[in-house]
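Visitor: Below is a structure I'd like to ask you about.
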Amino acid sequence: MRFSPDSPRPTHERPPRSRRAAAGATAIAAGALTVLLLLLSSGGEDPTPRALSADEARRMALARFRAYEASPAEVTVRLPPVGEETGTVTVRAVVDHRVRRAVGAYEMVDGARTLRGLLSWDPGGVAMARPPAPVPGGAPGRRTRPPERDAVTTAAQAVRRARTLKSGRWARRPYSTSPLDRALRLVLSVAADRPDDARRLARSGPLWLREEDLDGHGYDVFSGPHPTASPADTSPLTYWIGTGGDLRRITARVTPGHYATVDFVAARVPTGVPGTPWEKK
């Protein structure tokens with residue numbers, strides 16, 4: 001069909017610009033809301049635990065050897081209150097896996113009361129530093145303790161103070177079944193002088209649980225191997241392991257619902273662990 005100049009031309013009316021802009025904004029908002037809802041619905045769910053890949057098994061098999069290589073290293077042990085008899089316990093220590101010894105400062109906070117002191121441990125047990133002996137002074141008929149030169153609150157300070165104490169200042173005892181003693185023994189057991197067998201480790205049932213950031217670094221979180229041959233018997237241990245197999249954290253279930261946390265916060269500290277403090281010199 002042809003149109004003459006005088007014939008009316010068909011027209012297609014377009015909506016006003018304001019109406020088109022409003023429709024576009026509505027579409028964008030709807031799309032953004034859909035994306036947000038998808039993110040919220042997926043982000044709130046924990047990832048499903050799964051078996052380890054070959055690379056993950058290799059990294060987990062390296063973790064104990066990496067801890068051995070990194071020592072002497074600084075560790076921090078934390079225990080929450082367990083029952084009504086104990087408060088929060090924090091131990092800041094230096095551990096040397098080559099000699100299987102550790103020395104540190106402990107802090108026990110129970111309400112308004114805070115107890116601090118030195119401790120050392122090896123495979124045979126724990127040694128606690130005795131407080132200074134009372135000396136004459138003060139009011140008549142009373143004996144007071146000499147003031148400590150300075151507070152011991154860090155692992156490095158604990159090592160320096162331990163070097164100055166004579167053997168008589170240490171009281172040794174065997175390990176008990178207390179949560180603290182179980183956590184201290186865990187610190188010594190996490191290292192090995194050679195890598196584990198990755199294939200055998202993978203067959204023992206560890207699981208990949210999730211990814212997590214600590215101090216700006218990403219780690220894979222794994223459950224430990226099954227403690228028995230039964231798959232229903234879950235491991236009390238959880239590991240945070242980096243891309244190179246470095247071990248950053250371990251948590252251990254010490255009682256139902258209560259976990260000890262061991263953080264490897266600094267590797268290759270400049271100071272080593274002194275000789276076992278309770279040995280006679």
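Chain labels follow the order of the structure tokens: the first chain is A, the next B, and so on; residue numbering restarts at 1 in every chain, and ligands are counted from 1 in their shown order.
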Residues within 9 Å of Thr234 (chain A), please, as a list in words. Count only C-alpha atoms; anything in the same chain fewer than 5 positions from it doesn't count.
Guide: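 The filter keeps Gly205, Ser223, Gly224, Pro225, His226, Pro227 and Thr228 of chain A.
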Visitor: Can I get the residues of region 135-254 of chain A within 12 Å of region 99-103 of chain A, each with the closest pair of atoms and their distance in Å to one decimal, using only C-alpha atoms, sorted chain first then ascending number, as a Markdown table?
Guide:
```
| residue | atom | partner | partner_atom | distance |
| --- | --- | --- | --- | --- |
| A:Thr154 | CA | A:Val103 | CA | 10.8 |
| A:Ala155 | CA | A:Val103 | CA | 7.6 |
| A:Ala156 | CA | A:Val103 | CA | 9.3 |
| A:Gln157 | CA | A:Val103 | CA | 10.1 |
| A:Ala158 | CA | A:Val103 | CA | 6.8 |
| A:Val159 | CA | A:Val103 | CA | 6.2 |
| A:Arg160 | CA | A:Val103 | CA | 9.8 |
| A:Arg161 | CA | A:Val103 | CA | 9.9 |
| A:Ala162 | CA | A:Val103 | CA | 7.6 |
| A:Arg163 | CA | A:Val103 | CA | 10.0 |
| A:Leu184 | CA | A:Ala102 | CA | 8.9 |
| A:Arg185 | CA | A:Ala102 | CA | 10.2 |
| A:Leu186 | CA | A:Arg100 | CA | 11.6 |
| A:Val187 | CA | A:Ala102 | CA | 8.6 |
| A:Leu188 | CA | A:Arg100 | CA | 6.3 |
| A:Ser189 | CA | A:Arg100 | CA | 8.8 |
| A:Val190 | CA | A:Arg100 | CA | 10.7 |
| A:Ala191 | CA | A:Arg100 | CA | 9.4 |
| A:Ala192 | CA | A:Arg100 | CA | 10.5 |
| A:Asp193 | CA | A:Val99 | CA | 11.4 |
```
Visitor: Calculate how many Å separate CA of Arg173 (chain A) from CA of Val126 (chain A), rounding to one decimal.
Guide: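 Rounded to one decimal, the two atoms are 5.6 Å apart.
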Visitor: List every residue of region 39-191 of chain A that DSSP, applied to the backbone of this structure, places in helix (DSSP H, G or I), and write the result as a VMD selection string.
Guide: chain A and resid 39 to 43 54 to 70 155 to 164 167 to 169 179 to 189
Visitor: Give the answer as one residue: which of A:Ala151, A:Ala73, A:Val254, A:Leu52 has the shortest atom-to-atom distance to Ala266 (chain A), using only C-alpha atoms?
Guide: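 Ranked by minimum distance to Ala266 (chain A), first place goes to A:Ala73.
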Visitor: In terms of the shortest atom-to-atom distance over only C-alpha atoms, which of A:Ala54, A:Pro131, A:Asp220, A:Thr76 is closest to Glu107 (chain A)?
Guide: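 Selected residue with least distance to Glu107 (chain A): A:Thr76.
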Visitor: Run DSSP on the backbone and tell me which residues of region 190-259 of chain A come out as strand (DSSP E); list them as a count of residues only.
Guide: 31
Visitor: Which one is closest to Val89 (chain A): A:Asp197, A:Asp181, A:Asp55, A:Asp122? Count only C-alpha atoms.
Guide: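 Under the stated criterion, the closest residue is A:Asp181.
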Visitor: Which residue out of A:Arg130, A:Glu74, A:Pro256, A:Val273 has the minimum interatomic distance to Ser167 (chain A) when only C-alpha atoms are used?
Guide: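 Selected residue with least distance to Ser167 (chain A): A:Arg130.
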Visitor: Quick one: of A:Gly87, A:Pro123, A:Ser230, A:Pro80, who's nearest to Gly111 (chain A), counting only C-alpha atoms?
Guide: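 For Gly111 (chain A), the nearest of the candidates is A:Gly87.
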Visitor: Calculated over only C-alpha atoms, which of the candidates A:Val82, A:Glu279, A:Thr238, A:Ala93 has the smallest distance to Lys166 (chain A)?
Guide: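 Of all the options, A:Glu279 lies closest to Lys166 (chain A).
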Visitor: Measure the distance from CA of Trp170 (chain A) to CA of Ala127 (chain A) in Å and round it to one decimal.
Guide: 6.0 Å
Visitor: Hey, what's within 9 Å of Tyr239 (chain A) if we count only C-alpha atoms and toss same-chain stuff fewer than 2 positions away? As a PyMOL selection string, please?
Guide: chain A and resi 60+220-224+237+241+247-251
Visitor: Using only C-alpha atoms, which protein or nucleic acid residues come within 9 Å of Arg172 (chain A)? Drop anything in the same chain fewer than 5 positions from it, and give the result as a list in words.
Guide: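 Listing them by chain and then by number gives Trp121, Gly125, Val126, Ala127, Met128, Ala129 and Trp278 of chain A.
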Visitor: For the residues selected in the previous step, produce a file with N, CA, C and O atoms as a JSON list (two decimals), in the first residue's frame.
Guide:
```
[["chain", "number", "residue", "atom", "x", "y", "z"],
["A", 121, "TRP", "N", 54.44, -28.54, 80.57],
["A", 121, "TRP", "CA", 53.96, -29.92, 80.44],
["A", 121, "TRP", "C", 54.75, -30.65, 79.35],
["A", 121, "TRP", "O", 55.31, -30.05, 78.43],
["A", 125, "GLY", "N", 53.39, -35.44, 82.17],
["A", 125, "GLY", "CA", 52.50, -34.75, 83.10],
["A", 125, "GLY", "C", 52.66, -33.24, 83.05],
["A", 125, "GLY", "O", 53.26, -32.69, 82.13],
["A", 126, "VAL", "N", 52.11, -32.59, 84.07],
["A", 126, "VAL", "CA", 52.06, -31.13, 84.15],
["A", 126, "VAL", "C", 52.85, -30.67, 85.36],
["A", 126, "VAL", "O", 52.84, -31.32, 86.41],
["A", 127, "ALA", "N", 53.54, -29.55, 85.22],
["A", 127, "ALA", "CA", 54.23, -28.92, 86.34],
["A", 127, "ALA", "C", 53.70, -27.51, 86.51],
["A", 127, "ALA", "O", 53.63, -26.74, 85.56],
["A", 128, "MET", "N", 53.31, -27.18, 87.73],
["A", 128, "MET", "CA", 52.81, -25.85, 88.05],
["A", 128, "MET", "C", 53.85, -25.14, 88.91],
["A", 128, "MET", "O", 54.41, -25.74, 89.84],
["A", 129, "ALA", "N", 54.11, -23.89, 88.61],
["A", 129, "ALA", "CA", 55.07, -23.12, 89.40],
["A", 129, "ALA", "C", 54.45, -22.76, 90.74],
["A", 129, "ALA", "O", 53.34, -22.24, 90.81],
["A", 278, "TRP", "N", 61.11, -28.98, 86.09],
["A", 278, "TRP", "CA", 61.16, -29.70, 87.36],
["A", 278, "TRP", "C", 62.35, -30.65, 87.45],
["A", 278, "TRP", "O", 62.51, -31.36, 88.42]]
```
